[in-house]
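Dumped target-v1.cif below, it's mmCIF, C-alpha atoms:
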data_protein
loop_
_atom_site.label_atom_id
_atom_site.label_comp_id
_atom_site.auth_asym_id
_atom_site.auth_seq_id
_atom_site.Cartn_x
_atom_site.Cartn_y
_atom_site.Cartn_z
CA MET A 1 -50.90 180.57 -110.71
CA THR A 2 -53.83 183.00 -111.03
CA THR A 3 -52.97 186.19 -112.95
CA VAL A 4 -54.52 189.49 -111.89
CA ALA A 5 -54.32 192.71 -113.92
CA VAL A 6 -54.33 195.88 -111.83
CA ILE A 7 -55.17 198.88 -114.01
CA GLY A 8 -53.76 202.13 -112.64
CA ALA A 9 -50.48 202.65 -110.80
CA GLY A 10 -51.41 205.35 -108.33
CA ILE A 11 -51.38 204.57 -104.62
CA VAL A 12 -54.53 202.41 -104.76
CA GLY A 13 -53.34 200.33 -107.72
CA VAL A 14 -49.79 199.87 -106.43
CA ALA A 15 -51.05 198.94 -102.96
CA THR A 16 -53.46 196.42 -104.48
CA ALA A 17 -50.70 194.90 -106.60
CA LEU A 18 -48.33 194.57 -103.64
CA TRP A 19 -50.91 192.92 -101.37
CA LEU A 20 -51.98 190.53 -104.15
CA GLN A 21 -48.35 189.62 -104.80
CA ARG A 22 -47.80 188.91 -101.10
CA ASP A 23 -50.87 186.68 -101.25
CA GLY A 24 -49.27 184.53 -103.96
CA PHE A 25 -50.89 185.95 -107.09
CA ASP A 26 -49.13 186.61 -110.39
CA VAL A 27 -49.79 190.33 -110.92
CA VAL A 28 -49.33 192.71 -113.84
CA LEU A 29 -49.63 196.43 -113.04
CA ILE A 30 -50.71 198.54 -116.02
CA ASP A 31 -50.57 202.32 -116.34
CA LYS A 32 -50.41 204.71 -119.27
CA ALA A 33 -47.75 206.92 -117.63
CA GLY A 34 -46.08 204.76 -114.99
CA PRO A 35 -46.29 204.51 -111.18
CA GLY A 36 -46.93 207.68 -109.18
CA GLU A 37 -47.32 210.04 -112.14
CA GLY A 38 -50.90 211.25 -111.56
CA THR A 39 -52.79 212.48 -108.51
CA SER A 40 -50.61 210.28 -106.29
CA TYR A 41 -47.68 212.49 -107.29
CA GLY A 42 -49.19 215.87 -106.47
CA ASN A 43 -51.26 215.42 -103.29
CA ALA A 44 -50.61 217.08 -99.94
CA GLY A 45 -48.71 214.05 -98.69
CA VAL A 46 -50.57 213.80 -95.37
CA LEU A 47 -51.70 210.51 -93.85
CA ALA A 48 -54.74 212.34 -92.57
CA SER A 49 -56.82 209.76 -90.71
CA CYS A 50 -59.04 212.48 -89.24
CA SER A 51 -59.95 213.89 -92.67
CA VAL A 52 -63.35 212.24 -92.72
CA VAL A 53 -65.52 215.36 -92.97
CA PRO A 54 -66.79 215.74 -96.56
CA VAL A 55 -66.79 218.96 -98.55
CA THR A 56 -70.60 218.77 -98.52
CA VAL A 57 -71.26 220.17 -95.06
CA PRO A 58 -74.42 222.08 -94.09
CA GLY A 59 -74.40 225.63 -95.42
CA LEU A 60 -72.31 224.87 -98.50
CA ILE A 61 -75.17 225.65 -100.90
CA ALA A 62 -75.66 229.10 -99.37
CA LYS A 63 -71.93 229.87 -99.26
CA ALA A 64 -70.93 228.54 -102.68
CA PRO A 65 -72.07 231.50 -104.87
CA LYS A 66 -70.14 234.02 -102.77
CA MET A 67 -67.09 231.75 -102.71
CA LEU A 68 -67.10 231.39 -106.49
CA PHE A 69 -67.01 235.14 -107.03
CA SER A 70 -64.35 235.89 -104.42
CA PRO A 71 -60.64 235.59 -105.33
CA SER A 72 -59.83 234.96 -101.67
CA GLU A 73 -61.98 231.80 -101.33
CA PRO A 74 -60.64 228.29 -102.11
CA LEU A 75 -63.46 227.32 -104.51
CA PHE A 76 -63.15 227.89 -108.27
CA LEU A 77 -65.16 227.00 -111.35
CA LYS A 78 -64.44 226.99 -115.07
CA TRP A 79 -67.77 228.55 -116.03
CA GLY A 80 -67.80 227.04 -119.51
CA TYR A 81 -67.83 223.60 -117.88
CA LEU A 82 -70.94 224.29 -115.79
CA PRO A 83 -73.54 222.87 -118.24
CA LYS A 84 -71.76 219.51 -118.27
CA LEU A 85 -71.09 219.62 -114.53
CA ALA A 86 -74.62 220.64 -113.46
CA PRO A 87 -76.32 217.19 -113.19
CA TRP A 88 -73.42 215.78 -111.15
CA LEU A 89 -73.21 218.95 -109.06
CA MET A 90 -76.89 218.77 -108.12
CA ARG A 91 -76.41 215.21 -106.84
CA PHE A 92 -73.24 216.25 -105.00
CA LEU A 93 -74.90 219.23 -103.30
CA SER A 94 -77.93 217.16 -102.30
CA HIS A 95 -75.71 215.66 -99.57
CA ALA A 96 -74.84 219.06 -98.03
CA ASN A 97 -76.73 218.40 -94.81
CA GLU A 98 -75.76 217.22 -91.35
CA LYS A 99 -77.29 213.75 -91.56
CA ASP A 100 -75.44 212.91 -94.76
CA ALA A 101 -72.21 214.55 -93.58
CA ARG A 102 -72.19 212.30 -90.51
CA ARG A 103 -73.07 209.21 -92.55
CA ILE A 104 -70.33 209.90 -95.11
CA ALA A 105 -67.78 210.51 -92.35
CA GLU A 106 -68.57 207.16 -90.74
CA GLY A 107 -67.87 205.48 -94.08
CA LEU A 108 -64.66 207.40 -94.73
CA ALA A 109 -63.36 206.57 -91.25
CA LEU A 110 -63.43 202.89 -92.23
CA ILE A 111 -60.97 203.70 -95.02
CA THR A 112 -58.76 206.28 -93.29
CA GLY A 113 -58.43 204.68 -89.86
CA ASP A 114 -54.86 203.86 -88.76
CA SER A 115 -53.46 205.21 -92.03
CA VAL A 116 -49.91 205.34 -90.66
CA GLY A 117 -50.03 201.70 -89.60
CA GLU A 118 -51.52 200.64 -92.92
CA HIS A 119 -48.76 202.44 -94.85
CA GLN A 120 -46.06 201.04 -92.60
CA ALA A 121 -47.33 197.53 -93.31
CA LEU A 122 -47.58 198.27 -97.04
CA ALA A 123 -44.07 199.77 -97.30
CA ALA A 124 -42.36 197.16 -95.10
CA GLY A 125 -39.44 195.58 -96.90
CA THR A 126 -39.59 198.00 -99.84
CA PRO A 127 -37.50 201.10 -100.66
CA ALA A 128 -40.59 203.18 -99.78
CA GLU A 129 -40.07 202.86 -96.03
CA ARG A 130 -37.69 205.84 -95.95
CA TYR A 131 -40.43 208.25 -97.09
CA LEU A 132 -42.78 207.58 -94.15
CA ALA A 133 -42.73 210.16 -91.34
CA PRO A 134 -45.02 209.86 -88.29
CA SER A 135 -46.16 213.34 -87.21
CA ASP A 136 -48.99 215.45 -85.89
CA TYR A 137 -51.57 216.91 -88.23
CA VAL A 138 -52.35 220.52 -87.31
CA PHE A 139 -55.33 222.74 -88.12
CA ALA A 140 -54.51 226.47 -87.93
CA TYR A 141 -57.25 229.01 -87.14
CA ARG A 142 -57.27 232.79 -86.78
CA ASP A 143 -58.82 232.67 -83.32
CA CYS A 144 -61.25 230.78 -81.07
CA ALA A 145 -64.31 232.07 -82.95
CA HIS A 146 -62.89 230.79 -86.24
CA TYR A 147 -62.29 227.38 -84.64
CA GLU A 148 -65.75 227.27 -83.05
CA ALA A 149 -67.35 228.04 -86.41
CA ASP A 150 -65.93 224.66 -87.48
CA GLY A 151 -67.66 222.99 -84.55
CA LEU A 152 -69.69 220.48 -86.54
CA ALA A 153 -66.58 219.16 -88.26
CA TRP A 154 -64.83 218.63 -84.94
CA ASP A 155 -67.92 217.00 -83.44
CA ILE A 156 -67.98 214.59 -86.40
CA ARG A 157 -64.32 213.76 -85.79
CA ARG A 158 -65.03 213.17 -82.10
CA GLN A 159 -67.96 210.92 -83.03
CA ASN A 160 -65.56 208.81 -85.08
CA GLY A 161 -63.04 208.38 -82.28
CA PHE A 162 -60.52 211.13 -83.08
CA THR A 163 -58.96 213.28 -80.37
CA TRP A 164 -56.93 216.49 -80.43
CA ARG A 165 -55.53 219.20 -78.21
CA VAL A 166 -56.07 222.94 -78.57
CA LEU A 167 -53.25 225.49 -78.30
CA GLU A 168 -53.82 229.25 -78.12
CA GLY A 169 -51.78 232.43 -77.97
CA GLU A 170 -48.06 232.04 -77.46
CA ALA A 171 -48.45 228.27 -77.22
CA VAL A 172 -49.01 228.44 -80.98
CA ARG A 173 -45.55 229.97 -81.56
CA ASP A 174 -44.02 227.59 -79.02
CA TYR A 175 -45.34 224.69 -81.08
CA ASP A 176 -44.19 226.15 -84.40
CA PRO A 177 -42.27 229.46 -84.45
CA LEU A 178 -42.91 229.74 -88.20
CA LEU A 179 -46.60 230.52 -87.63
CA GLY A 180 -47.42 234.22 -87.67
CA GLU A 181 -49.56 236.34 -85.35
CA GLY A 182 -52.51 235.81 -87.71
CA VAL A 183 -52.74 232.25 -86.39
CA GLY A 184 -54.20 232.39 -82.89
CA LEU A 185 -55.31 228.79 -82.32
CA LEU A 186 -54.16 225.32 -83.30
CA ALA A 187 -56.06 222.05 -83.13
CA VAL A 188 -53.33 219.41 -82.99
CA CYS A 189 -54.20 215.82 -83.97
CA GLY A 190 -51.59 213.30 -82.87
CA ASP A 191 -50.82 209.85 -84.30
CA HIS A 192 -50.87 211.00 -87.90
CA GLY A 193 -48.05 211.15 -90.43
CA HIS A 194 -46.90 212.35 -93.82
CA ILE A 195 -44.98 211.20 -96.86
CA LYS A 196 -41.77 213.10 -97.56
CA ASP A 197 -42.12 212.70 -101.35
CA PRO A 198 -45.45 211.19 -102.50
CA GLY A 199 -44.44 210.58 -106.12
CA ARG A 200 -41.18 208.87 -105.20
CA TYR A 201 -42.98 206.95 -102.44
CA VAL A 202 -45.38 205.35 -104.93
CA LYS A 203 -42.50 204.66 -107.34
CA ALA A 204 -40.54 203.01 -104.51
CA LEU A 205 -43.54 200.83 -103.66
CA ALA A 206 -43.72 199.84 -107.34
CA GLN A 207 -39.99 199.08 -107.26
CA GLY A 208 -40.62 196.73 -104.36
CA PHE A 209 -43.40 195.10 -106.38
CA GLU A 210 -41.03 194.59 -109.33
CA GLU A 211 -38.27 193.24 -107.09
CA GLY A 212 -40.80 190.70 -105.83
CA GLY A 213 -41.35 189.45 -109.38
CA GLY A 214 -44.25 191.69 -110.42
CA ALA A 215 -44.57 193.05 -113.95
CA ILE A 216 -45.26 196.68 -114.87
CA HIS A 217 -46.72 197.32 -118.32
CA LEU A 218 -46.89 200.84 -119.78
CA GLY A 219 -49.94 201.48 -121.92
CA GLU A 220 -53.58 202.54 -121.85
CA VAL A 221 -56.24 199.89 -121.24
CA SER A 222 -59.11 200.24 -123.71
CA ASP A 223 -61.27 197.30 -122.64
CA ILE A 224 -61.60 194.33 -120.33
CA VAL A 225 -62.15 191.11 -122.25
CA ARG A 226 -64.93 188.80 -121.04
CA GLU A 227 -66.12 185.34 -121.97
CA ALA A 228 -69.28 183.77 -120.51
CA GLY A 229 -69.60 186.73 -118.12
CA ALA A 230 -66.11 186.43 -116.65
CA VAL A 231 -62.86 188.38 -117.10
CA THR A 232 -60.33 186.67 -119.39
CA GLY A 233 -57.98 189.55 -120.27
CA VAL A 234 -57.39 193.25 -120.75
CA ARG A 235 -56.81 195.08 -124.03
CA VAL A 236 -53.77 197.37 -123.93
CA GLU A 237 -53.15 199.32 -127.14
CA GLY A 238 -54.02 196.44 -129.43
CA GLU A 239 -52.51 193.73 -127.26
CA THR A 240 -54.48 191.36 -125.03
CA ILE A 241 -52.96 190.48 -121.66
CA ALA A 242 -54.56 187.31 -120.32
CA CYS A 243 -55.85 187.36 -116.75
CA THR A 244 -58.61 185.85 -114.64
CA ALA A 245 -59.31 189.02 -112.61
CA ALA A 246 -58.94 192.75 -113.22
CA VAL A 247 -58.96 195.67 -110.80
CA VAL A 248 -59.90 199.14 -112.10
CA ALA A 249 -57.99 201.76 -110.08
CA THR A 250 -57.57 204.60 -112.57
CA GLY A 251 -59.00 207.42 -110.46
CA VAL A 252 -61.13 209.93 -112.31
CA TRP A 253 -60.48 208.05 -115.56
CA SER A 254 -62.24 204.91 -114.25
CA GLY A 255 -65.67 205.82 -115.65
CA PRO A 256 -65.21 204.54 -119.24
CA LEU A 257 -63.86 201.15 -118.13
CA CYS A 258 -66.73 200.77 -115.68
CA ARG A 259 -69.23 201.64 -118.42
CA ALA A 260 -67.66 199.00 -120.64
CA LEU A 261 -68.45 196.55 -117.83
CA GLY A 262 -72.05 197.72 -117.64
CA LEU A 263 -71.78 200.10 -114.70
CA THR A 264 -72.28 203.87 -114.87
CA VAL A 265 -70.77 205.80 -111.96
CA PRO A 266 -71.06 209.57 -111.26
CA VAL A 267 -67.37 210.43 -110.99
CA GLU A 268 -66.05 213.97 -111.51
CA SER A 269 -62.70 215.74 -111.18
CA GLU A 270 -62.10 218.00 -108.22
CA ARG A 271 -59.09 219.76 -109.67
CA GLY A 272 -56.45 220.23 -106.97
CA TYR A 273 -53.42 222.55 -107.01
CA HIS A 274 -50.04 222.57 -105.38
CA LEU A 275 -47.09 224.93 -105.12
CA GLU A 276 -43.73 223.58 -104.03
CA LEU A 277 -41.47 226.06 -102.26
CA LEU A 278 -37.96 224.81 -102.93
CA ARG A 279 -35.03 225.25 -100.53
CA PRO A 280 -37.02 227.11 -97.86
CA ASN A 281 -35.32 228.96 -95.02
CA ARG A 282 -37.34 226.93 -92.49
CA MET A 283 -39.70 223.97 -92.34
CA PRO A 284 -43.10 223.72 -90.61
CA SER A 285 -42.95 221.51 -87.52
CA ALA A 286 -45.72 219.28 -88.93
CA PRO A 287 -48.25 219.34 -91.78
CA VAL A 288 -50.54 222.33 -91.22
CA MET A 289 -54.05 222.72 -92.60
CA VAL A 290 -54.53 226.48 -92.94
CA ALA A 291 -58.26 226.66 -92.33
CA ALA A 292 -58.70 230.11 -93.90
CA GLY A 293 -57.38 228.90 -97.25
CA LYS A 294 -58.35 225.22 -97.09
CA PHE A 295 -54.85 224.10 -98.04
CA VAL A 296 -52.09 222.13 -96.34
CA ALA A 297 -48.44 223.14 -95.90
CA THR A 298 -46.42 219.92 -95.66
CA PRO A 299 -42.68 219.64 -94.94
CA MET A 300 -41.07 217.42 -97.57
CA GLU A 301 -37.54 216.62 -98.70
CA GLY A 302 -35.95 219.95 -99.63
CA ARG A 303 -39.24 221.78 -99.97
CA VAL A 304 -42.57 222.78 -98.49
CA ARG A 305 -45.60 221.71 -100.50
CA LEU A 306 -48.76 223.82 -100.41
CA ALA A 307 -51.66 221.70 -101.65
CA GLY A 308 -55.40 222.10 -101.68
CA ILE A 309 -58.06 224.26 -103.34
CA VAL A 310 -61.16 222.91 -105.12
CA GLU A 311 -61.83 223.74 -108.76
CA PHE A 312 -64.43 222.23 -111.05
CA GLY A 313 -63.43 222.40 -114.69
CA GLY A 314 -63.18 218.89 -116.11
CA LEU A 315 -60.19 216.97 -117.36
CA ASN A 316 -59.10 219.01 -120.35
CA ALA A 317 -58.92 222.68 -119.36
CA PRO A 318 -55.48 224.12 -118.50
CA PRO A 319 -54.65 225.14 -114.91
CA SER A 320 -56.01 228.44 -113.65
CA LYS A 321 -53.77 231.21 -112.32
CA ARG A 322 -55.94 232.33 -109.38
CA PRO A 323 -55.54 229.18 -107.23
CA PHE A 324 -51.76 229.61 -107.28
CA ASP A 325 -52.14 233.30 -106.38
CA LEU A 326 -54.37 232.32 -103.46
CA LEU A 327 -51.85 229.79 -102.15
CA ARG A 328 -49.10 232.43 -102.23
CA ALA A 329 -51.29 235.00 -100.46
CA GLU A 330 -52.45 232.60 -97.74
CA ILE A 331 -49.01 231.19 -96.92
CA ALA A 332 -47.69 234.76 -96.58
CA LYS A 333 -50.36 235.43 -93.94
CA ALA A 334 -49.98 232.14 -92.09
CA MET A 335 -46.16 231.91 -92.19
CA PRO A 336 -44.81 235.42 -92.87
CA GLY A 337 -41.25 234.39 -92.00
CA LEU A 338 -41.13 231.66 -94.64
CA SER A 339 -38.98 232.33 -97.71
CA TRP A 340 -37.79 230.11 -100.53
CA GLN A 341 -35.51 230.19 -103.55
CA GLU A 342 -37.65 228.62 -106.29
CA GLU A 343 -41.12 227.22 -106.77
CA THR A 344 -42.87 224.70 -108.97
CA ALA A 345 -46.60 224.54 -109.73
CA TRP A 346 -48.91 221.58 -110.46
CA MET A 347 -52.58 220.83 -111.05
CA GLY A 348 -54.16 217.37 -110.88
CA HIS A 349 -57.49 215.56 -110.71
CA ARG A 350 -59.04 214.21 -107.53
CA PRO A 351 -61.64 211.55 -108.39
CA THR A 352 -64.86 212.45 -106.57
CA LEU A 353 -68.13 210.53 -106.62
CA SER A 354 -71.38 212.39 -106.12
CA ASP A 355 -71.88 210.96 -102.61
CA SER A 356 -68.25 211.60 -101.50
CA LEU A 357 -67.58 207.91 -100.80
CA PRO A 358 -65.16 205.81 -102.88
CA ILE A 359 -66.00 202.66 -104.80
CA VAL A 360 -64.33 199.58 -103.35
CA GLY A 361 -65.61 196.19 -104.38
CA ALA A 362 -66.57 193.61 -106.98
CA LEU A 363 -68.42 194.88 -110.02
CA PRO A 364 -71.84 193.31 -110.60
CA ASN A 365 -72.54 190.96 -113.50
CA VAL A 366 -68.88 190.34 -114.44
CA ALA A 367 -67.00 187.67 -112.50
CA GLY A 368 -63.45 188.69 -111.70
CA ALA A 369 -63.96 192.47 -112.13
CA PHE A 370 -63.20 194.78 -109.21
CA ALA A 371 -62.78 198.53 -108.72
CA GLY A 372 -61.23 200.96 -106.24
CA PHE A 373 -61.41 204.70 -106.93
CA GLY A 374 -63.18 207.93 -105.98
CA HIS A 375 -61.29 208.86 -102.80
CA HIS A 376 -61.32 212.64 -103.50
CA HIS A 377 -59.17 214.30 -100.76
CA ILE A 378 -58.19 211.05 -98.97
CA GLY A 379 -56.61 209.01 -101.76
CA LEU A 380 -53.15 208.75 -100.22
CA THR A 381 -54.55 208.43 -96.70
CA GLY A 382 -56.90 205.60 -97.60
CA GLY A 383 -54.94 204.06 -100.46
CA ALA A 384 -53.04 201.48 -98.43
CA ARG A 385 -56.14 200.08 -96.73
CA THR A 386 -58.13 200.17 -99.97
CA GLY A 387 -55.44 198.09 -101.67
CA ARG A 388 -55.50 195.55 -98.86
CA LEU A 389 -59.31 195.30 -99.04
CA LEU A 390 -59.28 194.83 -102.82
CA ALA A 391 -56.64 192.12 -102.55
CA GLN A 392 -58.76 190.30 -99.98
CA LEU A 393 -61.80 190.48 -102.25
CA VAL A 394 -59.87 189.20 -105.29
CA ALA A 395 -58.62 186.29 -103.15
CA GLY A 396 -62.20 185.46 -102.20
CA ARG A 397 -61.84 186.40 -98.54
CA ARG A 398 -64.41 188.48 -96.65
CA PRO A 399 -62.87 191.65 -95.15
CA ASN A 400 -63.60 192.20 -91.46
CA MET A 401 -65.52 195.41 -92.13
CA ASP A 402 -68.76 196.43 -93.80
CA LEU A 403 -68.04 197.47 -97.39
CA SER A 404 -71.66 198.31 -98.28
CA PRO A 405 -71.03 202.12 -98.14
CA PHE A 406 -68.55 201.63 -101.01
CA ALA A 407 -70.64 199.23 -103.15
CA PRO A 408 -69.96 199.80 -106.88
CA ASP A 409 -73.62 199.28 -107.79
CA ARG A 410 -75.07 201.73 -105.25
CA PHE A 411 -75.81 204.28 -107.98
CA SER A 412 -77.78 201.82 -110.14
#

So that I can check it, write out the structure of this file as structure tokens.
Amino acid sequence: MTTVAVIGAGIVGVATALWLQRDGFDVVLIDKAGPGEGTSYGNAGVLASCSVVPVTVPGLIAKAPKMLFSPSEPLFLKWGYLPKLAPWLMRFLSHANEKDARRIAEGLALITGDSVGEHQALAAGTPAERYLAPSDYVFAYRDCAHYEADGLAWDIRRQNGFTWRVLEGEAVRDYDPLLGEGVGLLAVCGDHGHIKDPGRYVKALAQGFEEGGGAIHLGEVSDIVREAGAVTGVRVEGETIACTAAVVATGVWSGPLCRALGLTVPVESERGYHLELLRPNRMPSAPVMVAAGKFVATPMEGRVRLAGIVEFGGLNAPPSKRPFDLLRAEIAKAMPGLSWQEETAWMGHRPTLSDSLPIVGALPNVAGAFAGFGHHHIGLTGGARTGRLLAQLVAGRRPNMDLSPFAPDRFS
């Protein structure tokens, strides 16, 4: 039986391992911390198929300086990190135009489409099924002018086949009484969903993988062993695990392993924040993207999770205080009747490539090496389909979609 090593036990890695196992492969899943302990733990939990519009929309370059100096804007920067960030940031910002935004969205839609169905298929027969909740995905605006200012984003969604309905005035409170008078318009996207506990969901998927005979190995992979240009094993803290194929799915930490395989990729951390409001007095009716603060309020088991914000500051700096303050201020405006008994805070690392498209595919020049990472804000949404695609590629089957937008060697 062919052995495949999947490196990284976030949603992409676990999904890949499960689909490979179902395809008859002997799979070992390797992670330095264990399943669901990284970004897959702390995300907003939304299966947000319509979230195809990149951060790099027209006007971002003009708006960014003002946003960085305002405590009420959802963009932050660790200024000491700027010299290291600058080359990547210039490439990232070069895509802040309408043509590229539409092109990127078309690519992302290939990954996010039918996210609920993809996750239902992935979770079927595992303990993870209980965490899946079909729902709307709601965008909350102050008023019609605020919504219309987002017109390009909604036109891009329409172009990619998404539909929604608009509610105004008292229809907003009829939909969700928790929303305050400061929210005057909702754009409601149906046929979406959310995960009631993302960390436990990924752990439950991994449990299903283990129950199916899969092996989970705790440790950090330092290298992928090759002979005659083909993968023969992975090095894990001094030990070599033999395999004939390896999948790199370690999120923002994937760069060094790719470099070891001869591929340099421009990946950077978009640091994301969440606050969990424990034992709230009420729950939102559905996940709500609060447009003014660029964060999502998601109902979860026993808590409401507020997740979002963009901060550039690398992998090593501690969390900042201001993003948490902004989340508290914005939820008080959007849902003034919401109260809670305790809260927990978290910061994690979204892996973002300079063109806002993930890498999904076979690595050049090394037979048996594959990679799937760089999903920025859509990692959970697109993780199930990405895992299925990677499993198909490892098995030597051609997926029924064009993967060229996600080619690992496109930056060469």

Could you give me, as a tab-separated table, every stretch 255-323 of chain A residue with an atom at most 9 Å from stretch 73-80 of chain A, plus its closest atom pair and distance in Å to one decimal, counting all atoms listed in the file, rows ordered by chain then number?
residue	atom	partner	partner_atom	distance
A:Ala292	CA	A:Glu73	CA	8.3
A:Gly293	CA	A:Pro74	CA	5.9
A:Lys294	CA	A:Pro74	CA	6.3
A:Phe295	CA	A:Pro74	CA	8.2
A:Gly308	CA	A:Pro74	CA	8.1
A:Ile309	CA	A:Pro74	CA	4.9
A:Val310	CA	A:Leu75	CA	5.0
A:Glu311	CA	A:Phe76	CA	4.4
A:Phe312	CA	A:Leu77	CA	4.8
A:Gly313	CA	A:Lys78	CA	4.7
A:Gly314	CA	A:Lys78	CA	8.3
A:Ala317	CA	A:Lys78	CA	8.2
A:Ser320	CA	A:Lys78	CA	8.7
A:Arg322	CA	A:Phe76	CA	8.5
A:Pro323	CA	A:Pro74	CA	7.3

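Around A:Ala407, within 7 Å and counting all atoms listed in the file, the residues found are A:Ile359, A:Val360, A:Gly361, A:Leu403, once anything fewer than 4 positions away on its own chain is removed.
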
Who sits within 7 Å of stretch 180-196 of chain A, all atoms listed in the file, same chain under 5 positions skipped, as a count of residues only: 34

Please evaluate the PyMOL selection byres ((chain A and resi 306) around 9) against the displayed coordinates and give the resulting residues as a ChimeraX atom specification. /A:44,273-277,295-298,304-305,307-308,327-328,331

Resolved residues for the PyMOL selection byres ((chain A and resi 6-18) around 6) as a ChimeraX atom specification: /A:5,19-21,29-31,35-36,40,209,246-250,383-384,387,391
